[in-house]
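So this one's final35.cif, mmCIF, C-alpha atoms:
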```
data_target
#
loop_
_atom_site.label_atom_id
_atom_site.label_comp_id
_atom_site.auth_asym_id
_atom_site.auth_seq_id
_atom_site.Cartn_x
_atom_site.Cartn_y
_atom_site.Cartn_z
CA MET V 150 6.81 100.09 78.78
CA TRP V 151 9.25 101.50 76.21
CA GLY V 152 12.19 101.86 78.56
CA HIS V 153 14.37 104.88 79.11
CA HIS V 154 15.65 106.95 76.22
CA SER V 155 17.88 109.81 77.27
CA LEU V 156 17.74 111.55 73.90
CA ILE V 157 14.04 112.20 74.27
CA HIS V 158 15.08 114.99 76.56
CA SER V 159 18.43 116.07 75.20
CA ALA V 160 17.39 116.21 71.54
CA VAL V 161 14.40 118.42 72.17
CA GLY V 162 15.13 122.06 72.61
CA VAL V 163 15.64 125.49 71.17
CA GLY V 164 17.73 125.55 68.02
CA VAL V 165 17.20 121.87 67.20
CA SER V 166 15.19 121.32 64.03
CA THR V 167 12.21 119.00 63.77
CA TYR V 168 14.26 116.75 61.52
CA GLU V 169 17.18 116.60 63.98
CA THR V 170 14.83 115.76 66.84
CA PHE V 171 13.23 113.00 64.78
CA ALA V 172 16.57 111.59 63.58
CA ALA V 173 18.05 111.55 67.10
CA LEU V 174 15.06 109.65 68.47
CA VAL V 175 15.13 107.07 65.67
CA ARG V 176 18.89 106.58 66.12
CA ASP V 177 18.31 106.01 69.82
CA ASN V 178 15.82 103.24 68.89
CA ALA V 179 13.11 105.19 70.69
CA PRO V 180 9.49 104.74 69.58
CA VAL V 181 8.59 107.79 67.49
CA SER V 182 5.82 108.85 65.16
CA LEU V 183 6.38 111.21 62.24
CA VAL V 184 3.13 112.99 61.31
CA THR V 185 2.86 114.91 58.02
CA ILE V 186 -0.04 116.67 56.28
CA ILE V 187 -0.05 115.25 52.76
CA GLU V 188 -3.23 116.90 51.44
CA GLY V 189 -5.32 119.91 52.44
CA PRO V 190 -4.23 123.25 53.95
CA ASN V 191 -0.65 123.34 55.22
CA VAL V 192 0.68 120.47 53.08
CA GLY V 193 4.09 119.34 54.29
CA ALA V 194 3.57 120.52 57.90
CA THR V 195 5.23 117.96 60.14
CA MET V 196 5.10 117.02 63.81
CA VAL V 197 7.11 114.49 65.83
CA VAL V 198 5.25 112.53 68.51
CA THR V 199 6.54 110.09 71.15
CA PRO V 200 4.55 108.12 73.76
CA GLN V 201 5.07 111.18 76.00
CA GLY V 202 3.47 113.58 73.49
CA ILE V 203 4.49 116.12 70.85
CA VAL V 204 8.25 116.78 70.95
CA ALA V 205 8.72 118.91 67.83
CA GLY V 206 6.86 120.64 65.01
CA SER V 207 3.21 121.47 64.46
CA LEU V 208 0.49 120.76 61.90
CA GLY V 209 -0.74 124.34 62.05
CA ASN V 210 -3.04 124.82 65.03
CA SER V 211 -3.26 123.50 68.56
CA ASP V 212 -6.64 121.77 68.00
CA ILE V 213 -5.39 119.61 65.17
CA ASP V 214 -2.08 118.98 66.95
CA ARG V 215 -3.88 117.75 70.07
CA VAL V 216 -6.29 115.41 68.27
CA ILE V 217 -3.80 113.97 65.80
CA SER V 218 -0.97 113.53 68.30
CA ARG V 219 -3.36 111.43 70.40
CA ASP V 220 -4.16 109.27 67.37
CA ALA V 221 -0.47 109.08 66.45
CA MET V 222 0.33 107.75 69.93
CA GLY V 223 -2.28 105.02 69.41
CA GLU V 224 -0.84 104.07 66.01
CA LEU V 225 2.65 104.05 67.50
CA GLU V 226 1.58 101.70 70.26
CA ALA V 227 0.22 99.38 67.55
CA GLY V 228 3.30 99.88 65.33
CA ARG V 229 1.03 100.94 62.44
CA THR V 230 1.76 103.33 59.57
CA ILE V 231 -1.41 104.79 58.05
CA VAL V 232 -3.13 107.72 56.26
CA ARG V 233 -6.01 109.33 58.21
CA HIS V 234 -8.55 112.06 57.37
CA TYR V 235 -9.59 115.00 59.54
CA GLY V 236 -11.37 118.32 59.41
CA PRO V 237 -9.25 121.48 59.59
CA HIS V 238 -9.46 121.46 63.39
CA GLY V 239 -8.99 117.76 63.82
CA GLN V 240 -12.62 116.67 63.49
CA SER V 241 -12.76 112.97 62.72
CA THR V 242 -16.44 111.97 62.91
CA PRO V 243 -17.96 111.52 59.44
CA GLU V 244 -20.80 114.07 60.04
CA ASP V 245 -18.25 116.74 60.91
CA LEU V 246 -16.40 116.15 57.67
CA ILE V 247 -19.38 116.81 55.34
CA ASP V 248 -18.95 120.01 53.32
CA THR V 249 -15.68 120.90 54.96
CA GLU V 250 -12.17 120.90 53.63
CA THR V 251 -10.44 117.77 54.83
CA VAL V 252 -6.87 117.22 55.79
CA GLN V 253 -5.08 113.97 54.94
CA VAL V 254 -2.38 113.06 57.38
CA PHE V 255 0.34 110.43 57.00
CA ILE V 256 1.15 108.90 60.38
CA GLU V 257 4.39 106.93 60.18
CA SER V 258 5.32 104.81 63.19
CA PHE V 259 8.94 103.97 63.97
CA SER V 260 9.05 101.16 66.49
CA PRO V 261 12.21 100.11 68.28
CA PRO V 262 13.89 97.21 66.45
CA PRO V 263 12.72 93.70 67.38
CA LEU V 264 15.03 91.77 69.70
CA MET V 265 16.86 88.52 69.01
CA TRP V 266 18.57 86.74 71.87
CA ILE V 267 20.96 84.00 70.78
CA PHE V 268 22.07 81.53 73.43
CA GLY V 269 25.35 79.75 72.75
CA ALA V 270 28.49 81.43 71.43
CA VAL V 271 29.25 79.09 68.51
CA ASP V 272 30.00 79.52 64.79
CA PHE V 273 26.30 79.27 63.97
CA THR V 274 25.78 82.21 66.31
CA ALA V 275 28.05 84.53 64.31
CA ALA V 276 26.28 83.69 61.06
CA LEU V 277 22.81 84.04 62.61
CA ALA V 278 23.73 87.36 64.23
CA ARG V 279 24.89 88.68 60.84
CA VAL V 280 21.69 87.65 59.07
CA ALA V 281 19.52 88.96 61.91
CA LYS V 282 21.22 92.36 61.63
CA ILE V 283 20.25 92.48 57.93
CA LEU V 284 16.64 91.94 58.99
CA GLY V 285 16.87 94.81 61.49
CA TYR V 286 17.05 92.89 64.77
CA HIS V 287 18.80 94.17 67.87
CA VAL V 288 20.97 91.12 68.59
CA THR V 289 22.19 89.92 71.98
CA VAL V 290 24.53 86.92 72.21
CA CYS V 291 24.52 85.12 75.56
CA ASP V 292 26.79 82.35 76.83
CA ALA V 293 28.10 81.51 80.30
CA ARG V 294 31.60 80.75 79.01
CA GLU V 295 33.76 83.83 79.20
CA ILE V 296 36.33 82.65 76.65
CA PHE V 297 33.66 82.15 73.97
CA ALA V 298 31.27 85.02 74.65
CA THR V 299 33.55 87.86 73.55
CA ARG V 300 32.96 91.02 71.53
CA ARG V 301 35.89 90.06 69.30
CA ARG V 302 34.14 86.88 68.19
CA PHE V 303 30.77 88.63 67.68
CA PRO V 304 31.50 92.15 66.46
CA MET V 305 28.20 92.14 64.54
CA ALA V 306 26.12 91.64 67.69
CA ASP V 307 24.72 94.67 69.47
CA GLU V 308 25.56 93.12 72.82
CA VAL V 309 27.46 90.11 74.18
CA ARG V 310 26.52 88.87 77.66
CA VAL V 311 28.47 86.40 79.79
CA THR V 312 25.75 84.90 81.91
CA TRP V 313 23.47 81.90 82.41
CA PRO V 314 20.00 81.90 80.85
CA THR V 315 18.05 82.01 84.12
CA PRO V 316 19.48 85.34 85.39
CA MET V 317 19.22 86.79 81.88
CA PHE V 318 15.48 86.01 81.71
CA GLU V 319 14.93 87.13 85.29
CA GLU V 320 16.65 90.41 84.60
CA ARG V 321 14.92 91.32 81.35
CA GLY V 322 12.63 88.56 80.06
CA ASN V 323 9.76 91.04 80.40
CA ARG V 324 11.25 93.03 77.49
CA LEU V 325 10.50 90.20 75.04
CA GLY V 326 7.25 90.36 73.05
CA PRO V 327 5.54 88.86 70.01
CA ARG V 328 7.91 90.56 67.50
CA ASP V 329 11.01 89.16 69.20
CA ALA V 330 12.94 85.89 68.87
CA VAL V 331 14.95 83.60 71.13
CA CYS V 332 17.32 81.18 69.37
CA ILE V 333 18.96 78.53 71.50
CA LEU V 334 22.00 77.11 69.72
CA THR V 335 23.90 75.53 72.61
CA HIS V 336 22.98 71.79 72.21
CA ASP V 337 23.91 71.48 75.86
CA PRO V 338 21.03 70.48 78.15
CA LYS V 339 22.70 72.32 81.07
CA PHE V 340 22.18 75.49 79.10
CA ASP V 341 19.22 74.86 76.78
CA VAL V 342 16.77 73.52 79.35
CA PRO V 343 16.89 76.69 81.51
CA ALA V 344 16.93 78.81 78.34
CA ILE V 345 13.76 77.09 77.08
CA GLN V 346 12.09 77.44 80.48
CA GLY V 347 13.05 81.11 80.60
CA ALA V 348 11.76 81.77 77.08
CA LEU V 349 8.47 79.93 77.69
CA ALA V 350 7.83 82.23 80.67
CA THR V 351 7.87 85.26 78.33
CA SER V 352 5.52 86.33 75.52
CA VAL V 353 8.34 86.08 72.94
CA GLY V 354 6.97 85.33 69.45
CA TYR V 355 9.55 82.77 68.32
CA ILE V 356 11.54 80.19 70.23
CA GLY V 357 13.91 78.01 68.18
CA VAL V 358 16.16 75.29 69.58
CA MET V 359 19.03 73.74 67.64
CA GLY V 360 19.89 70.07 67.63
CA SER V 361 19.53 66.81 65.75
CA ARG V 362 16.29 64.86 65.98
CA LYS V 363 18.02 62.67 68.56
CA THR V 364 19.05 65.69 70.62
CA HIS V 365 15.50 66.98 70.33
CA ALA V 366 14.06 63.71 71.68
CA LYS V 367 16.51 63.74 74.60
CA ARG V 368 15.72 67.36 75.26
CA LEU V 369 12.01 66.58 75.51
CA GLU V 370 12.86 64.01 78.21
CA ARG V 371 14.92 66.58 80.11
CA LEU V 372 12.13 69.12 79.82
CA ALA V 373 9.63 66.56 81.13
CA GLU V 374 11.90 65.98 84.14
CA VAL V 375 11.64 69.67 85.05
CA GLY V 376 7.89 69.69 84.47
CA VAL V 377 7.63 71.20 80.98
CA THR V 378 5.09 68.83 79.46
CA SER V 379 2.05 70.84 78.42
CA PRO V 380 1.35 70.60 74.67
CA ASP V 381 0.63 74.35 74.61
CA GLU V 382 4.12 75.10 75.84
CA LEU V 383 5.88 72.48 73.72
CA SER V 384 4.07 73.68 70.59
CA ARG V 385 5.76 77.07 71.02
CA LEU V 386 9.16 75.44 70.47
CA HIS V 387 10.59 75.31 66.96
CA SER V 388 12.81 72.29 67.41
CA PRO V 389 14.88 71.24 65.58
CA ILE V 390 15.26 74.89 64.59
CA GLY V 391 14.86 76.12 61.02
CA LEU V 392 13.27 75.32 57.67
CA ASP V 393 14.17 72.16 55.76
CA LEU V 394 16.41 73.78 53.14
CA GLY V 395 18.98 71.03 53.20
CA GLY V 396 21.82 73.47 53.97
CA ARG V 397 24.76 72.66 56.21
CA THR V 398 27.05 75.62 56.70
CA PRO V 399 26.48 78.14 59.52
CA GLU V 400 25.40 80.72 56.93
CA GLU V 401 22.91 78.37 55.25
CA THR V 402 21.59 77.38 58.66
CA ALA V 403 21.17 81.04 59.59
CA ILE V 404 19.05 81.61 56.48
CA SER V 405 16.91 78.58 57.31
CA ILE V 406 16.37 79.93 60.85
CA VAL V 407 15.36 83.45 59.82
CA GLY V 408 13.21 81.92 57.06
CA GLU V 409 11.36 80.00 59.74
CA ILE V 410 11.01 83.14 61.89
CA ILE V 411 9.44 85.04 58.98
CA ALA V 412 7.13 82.16 58.06
CA SER V 413 5.99 81.72 61.65
CA ARG V 414 5.19 85.42 61.86
CA THR V 415 3.22 85.44 58.60
CA GLY V 416 1.66 82.02 59.14
CA ARG V 417 2.81 80.84 55.70
CA ASN V 418 3.87 77.32 54.79
CA ALA V 419 7.25 78.34 53.32
CA THR V 420 6.77 76.33 50.16
CA ARG V 421 7.93 77.42 46.71
CA LEU V 422 5.78 80.27 45.28
CA GLY V 423 6.03 78.52 41.93
CA ALA V 424 4.14 75.58 43.41
CA THR V 425 1.24 77.64 44.85
CA ASP V 426 -1.47 80.12 43.77
CA GLY V 427 -2.86 83.21 45.40
CA PRO V 428 -1.53 86.60 46.42
CA ILE V 429 2.17 86.82 47.28
CA HIS V 430 1.93 89.65 49.83
CA MET G 1477 13.65 105.95 56.48
CA ARG G 1478 15.85 104.80 59.34
CA GLU G 1479 18.39 103.49 56.81
CA LEU G 1480 18.63 106.88 55.07
CA LEU G 1481 19.58 108.94 58.13
CA ASP G 1482 23.38 108.68 57.86
CA GLU G 1483 23.45 109.80 54.25
CA LEU G 1484 20.80 112.49 54.87
CA ASP G 1485 23.03 113.91 57.59
CA ARG G 1486 26.00 113.97 55.23
CA TRP G 1487 23.96 115.78 52.58
CA LYS G 1488 22.62 118.24 55.13
CA LYS G 1489 26.14 119.00 56.41
CA THR G 1490 27.24 119.98 52.91
CA GLY G 1491 24.17 122.20 52.58
CA LYS G 1492 22.49 120.18 49.85
CA ARG G 1493 18.77 120.65 49.33
CA ILE G 1494 16.92 117.36 49.65
CA ALA G 1495 13.54 116.01 48.58
CA LEU G 1496 12.05 113.10 50.50
CA ALA G 1497 9.61 110.63 48.87
CA ARG G 1498 7.68 108.24 51.10
CA VAL G 1499 5.16 105.55 50.20
CA VAL G 1500 1.98 106.55 52.06
CA ASP G 1501 -0.38 103.93 50.66
CA ILE G 1502 -0.42 100.87 48.41
CA GLN G 1503 -3.44 99.29 46.72
CA GLY G 1504 -3.16 95.79 45.37
CA SER G 1505 0.21 94.15 44.99
CA GLY G 1506 3.28 96.23 45.72
CA PRO G 1507 6.86 95.36 46.53
CA ARG G 1508 7.35 97.90 49.34
CA GLY G 1509 4.85 98.94 51.97
CA ALA G 1510 3.87 102.31 53.44
CA GLY G 1511 6.90 104.02 54.92
CA ALA G 1512 9.37 102.90 52.23
CA ALA G 1513 11.42 105.99 51.46
CA MET G 1514 13.93 107.44 49.06
CA ALA G 1515 15.65 110.79 49.00
CA VAL G 1516 17.00 112.88 46.12
CA ASN G 1517 19.40 115.79 46.52
CA GLU G 1518 19.71 118.85 44.30
CA ASP G 1519 22.53 117.18 42.33
CA GLY G 1520 20.22 114.29 41.46
CA GLU G 1521 21.93 111.79 43.81
CA VAL G 1522 19.53 109.15 45.10
CA ILE G 1523 19.37 106.96 48.20
CA GLY G 1524 16.75 104.40 49.22
CA SER G 1525 13.92 102.97 47.14
CA VAL G 1526 10.14 102.95 47.10
CA SER G 1527 9.34 100.02 44.79
CA GLY G 1528 11.17 97.22 43.10
CA GLY G 1529 12.77 99.73 40.76
CA CYS G 1530 9.60 100.34 38.72
CA VAL G 1531 8.91 103.98 39.58
CA GLU G 1532 12.19 105.30 41.01
CA SER G 1533 13.32 107.25 37.97
CA ALA G 1534 9.92 108.95 37.68
CA VAL G 1535 10.14 109.81 41.39
CA VAL G 1536 13.52 111.46 40.81
CA THR G 1537 12.00 113.66 38.09
CA GLU G 1538 9.11 114.65 40.38
CA ALA G 1539 11.46 115.24 43.31
CA LEU G 1540 13.74 117.53 41.30
CA ALA G 1541 10.71 119.48 40.03
CA ILE G 1542 9.56 119.97 43.63
CA LEU G 1543 13.04 121.06 44.74
CA ALA G 1544 13.16 123.53 41.83
CA GLY G 1545 9.85 125.02 42.96
CA GLU G 1546 8.13 123.96 39.73
CA GLN G 1547 5.73 121.72 41.67
CA PRO G 1548 4.37 121.92 45.22
CA SER G 1549 4.88 119.15 47.79
CA ARG G 1550 2.20 116.64 46.94
CA VAL G 1551 0.91 113.09 46.68
CA VAL G 1552 1.98 111.43 43.43
CA THR G 1553 0.28 108.23 42.29
CA PHE G 1554 1.69 105.54 40.05
CA GLY G 1555 -0.19 102.52 38.83
CA TYR G 1556 -1.90 100.71 36.02
CA SER G 1557 0.77 101.08 33.37
CA ASP G 1558 -1.91 100.94 30.64
CA ASP G 1559 -3.65 104.07 31.93
CA GLU G 1560 -2.52 107.14 30.00
CA ALA G 1561 -2.77 109.33 33.08
CA PHE G 1562 0.03 107.37 34.70
CA ALA G 1563 2.72 106.70 32.16
CA VAL G 1564 4.83 104.86 34.70
CA GLY G 1565 3.42 101.89 36.55
CA LEU G 1566 4.20 98.97 38.75
CA THR G 1567 4.64 95.85 36.68
CA CYS G 1568 2.95 93.90 39.47
CA GLY G 1569 -0.34 95.75 38.78
CA GLY G 1570 -0.59 97.61 42.09
CA ILE G 1571 -1.11 101.31 42.72
CA ILE G 1572 1.39 103.25 44.80
CA HIS G 1573 0.79 106.65 46.43
CA LEU G 1574 3.88 108.63 47.38
CA PHE G 1575 4.19 111.90 49.23
CA ILE G 1576 7.11 113.99 48.00
CA GLN G 1577 8.31 117.09 49.86
CA PRO G 1578 11.48 119.07 50.42
CA LEU G 1579 13.17 117.89 53.64
CA GLU G 1580 12.95 121.30 55.27
CA TRP G 1581 11.27 120.69 58.59
CA ALA G 1582 12.04 123.78 60.63
#
```

Please render this file's structure as structure tokens.
Amino acid sequence: MWGHHSLIHSAVGVGVSTYETFAALVRDNAPVSLVTIIEGPNVGATMVVTPQGIVAGSLGNSDIDRVISRDAMGELEAGRTIVRHYGPHGQSTPEDLIDTETVQVFIESFSPPPLMWIFGAVDFTAALARVAKILGYHVTVCDAREIFATRRRFPMADEVRVTWPTPMFEERGNRLGPRDAVCILTHDPKFDVPAIQGALATSVGYIGVMGSRKTHAKRLERLAEVGVTSPDELSRLHSPIGLDLGGRTPEETAISIVGEIIASRTGRNATRLGATDGPIH
Amino acid sequence: MRELLDELDRWKKTGKRIALARVVDIQGSGPRGAGAAMAVNEDGEVIGSVSGGCVESAVVTEALAILAGEQPSRVVTFGYSDDEAFAVGLTCGGIIHLFIQPLEWA
């Protein structure tokens, strides 16, 4: 499910340090778990674990390596970073830990960056791609018009694709998940209707569609014509895209879009903290 | 830690000794979560951050002591600024646990 990462093989080998193996995997955007003993015997011992298993280092003995690497793979799958407690040979049931020296282990998960696909190669796209990069997204810009979808116009994007939405989703829509975002900035029904249909067929976490309220109303009609009418599907669309910040420029719009993405992930109302009570984080 | 890799590589190429400090746990309110990292080299240069600036200078002191061999790699806790045991605290009232170690993974 994680895709192919060539460095998993090339970075692991004789003469390559645990740190170098870890750094190469993270740079390759591969999923990797860094496991370190932070208390107990062997403090500082470190092991690097991928979904395929241990690729470098050791926590001291093969028992503890086997048990903890299995747990680390589970945490990595969940994208969780956590401290766990074990006995000196990896025991984890509470009875086994009575009267024995325990080992505290920090399991740090490095997930591949979340994906943002931006449809429409417009000025808003450049600003959104820049802001998305700050937030750590892997950004793909997609437009069918060859003269607009160029690397020169979007140097900040990780990838620029000249294609229509339908083939793009058919080719790799299955890569999109709850952490990812699809932003449709085209305003052109020829392009946004198939993009919306494509996005709705995936489990992508955020779907935003740009346009005035009038455009939005027309778009709903177009979607109804192609059979997208279920309230469950339509409620997944953030349209018109963005928070109501009152901004106008591409950069201000980009901030309002990523603000909405964050708020939809956290389930917050995106009001002023000064106007509310309760914990901030 | 992802964002530290380029600079860590540069330091390693010049043979600098490096201490790595990572947030392993947070209780209560804290500006940065588990995994936030900073690194300190033997010259006292710093990259990254582990809080909103509340504990960084204390972390540098701890990191240099660990690099000098005066302290072992260990978990260091900051919190409750009014507690005498922890002279440095988070102004937000949280408790932060950091693991600091030399970056010498064979």

Evaluating the PyMOL selection byres ((chain G) within 7 of (chain V)) on the displayed file yields which residues, as a ChimeraX atom specification?
/G:1478,1481,1500,1505,1510-1511,1549-1551,1575,1577,1581-1582

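With only C-alpha atoms taken into account, the protein and nucleic acid residues at most 9 Å from Asp212 (chain V) (excluding it and anything under 6 positions from it in its own chain) are Pro237, His238 and Gly239 of chain V.
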
Restricting the output to C-alpha atoms, write the selected residues as a PDB file, in the coordinates of the input.
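This is the output file out.pdb:
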```pdb
ATOM      1  CA  PRO V 237      -9.250 121.480  59.590  1.00  0.00           C
ATOM      2  CA  HIS V 238      -9.460 121.460  63.390  1.00  0.00           C
ATOM      3  CA  GLY V 239      -8.990 117.760  63.820  1.00  0.00           C
TER       4      GLY V 239
END
```

Test item: residues at most 9 Å from region 1515-1525 of chain G, only C-alpha atoms, excluding those fewer than 6 positions along its chain, as an NGL selection string
:G and (1477 or 1479-1480 or 1483-1484 or 1487 or 1492-1498 or 1508 or 1532 or 1535-1537 or 1539-1540 or 1543-1544 or 1579)

Please provide as a list in words all residues within 10 Å of Ala306 (chain V), with the sequence filter that same-chain residues fewer than 6 positions apart are discarded (counting all atoms listed in the file).
Met265, Trp266, Ile267, Thr274, Ala275, Leu277, Ala278, Arg279, Ala281, Lys282, Tyr286, His287, Val288, Thr289, Val290 and Arg300 of chain V

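Rounded to one decimal, CA of Asp214 (chain V) and CA of Val1552 (chain G) lie 25.0 Å from each other.
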
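Atom to atom, CA of Gly391 (chain V) and CA of Val331 (chain V) stand 12.6 Å apart.
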
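Separating CA of Glu319 (chain V) from CA of Thr415 (chain V) is a distance of 29.2 Å.
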
Around region 1516-1519 of chain G, with edges along x, y and z and 4 Å added on all six sides, what centre and edge lengths do you get, in Å to one decimal, as AutoDock Vina command-line options?
```
--center_x 19.8 --center_y 115.9 --center_z 44.4 --size_x 13.5 --size_y 14.0 --size_z 12.2
```

Go through the shown structure with the PyMOL selection byres ((chain V and resi 393) around 10) and write out the matching residues as JSON, numbers by chain.
{"V": [389, 390, 391, 392, 394, 395, 396, 402, 405, 406, 408, 409, 419]}

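Residue neighbourhood of Val342 (chain V), excluding near-sequence residues (fewer than 2 positions): Pro338, Lys339, Phe340, Ala344, Ile345, Gln346, Arg368, Arg371 and Leu372 of chain V, at 8 Å, using only C-alpha atoms.
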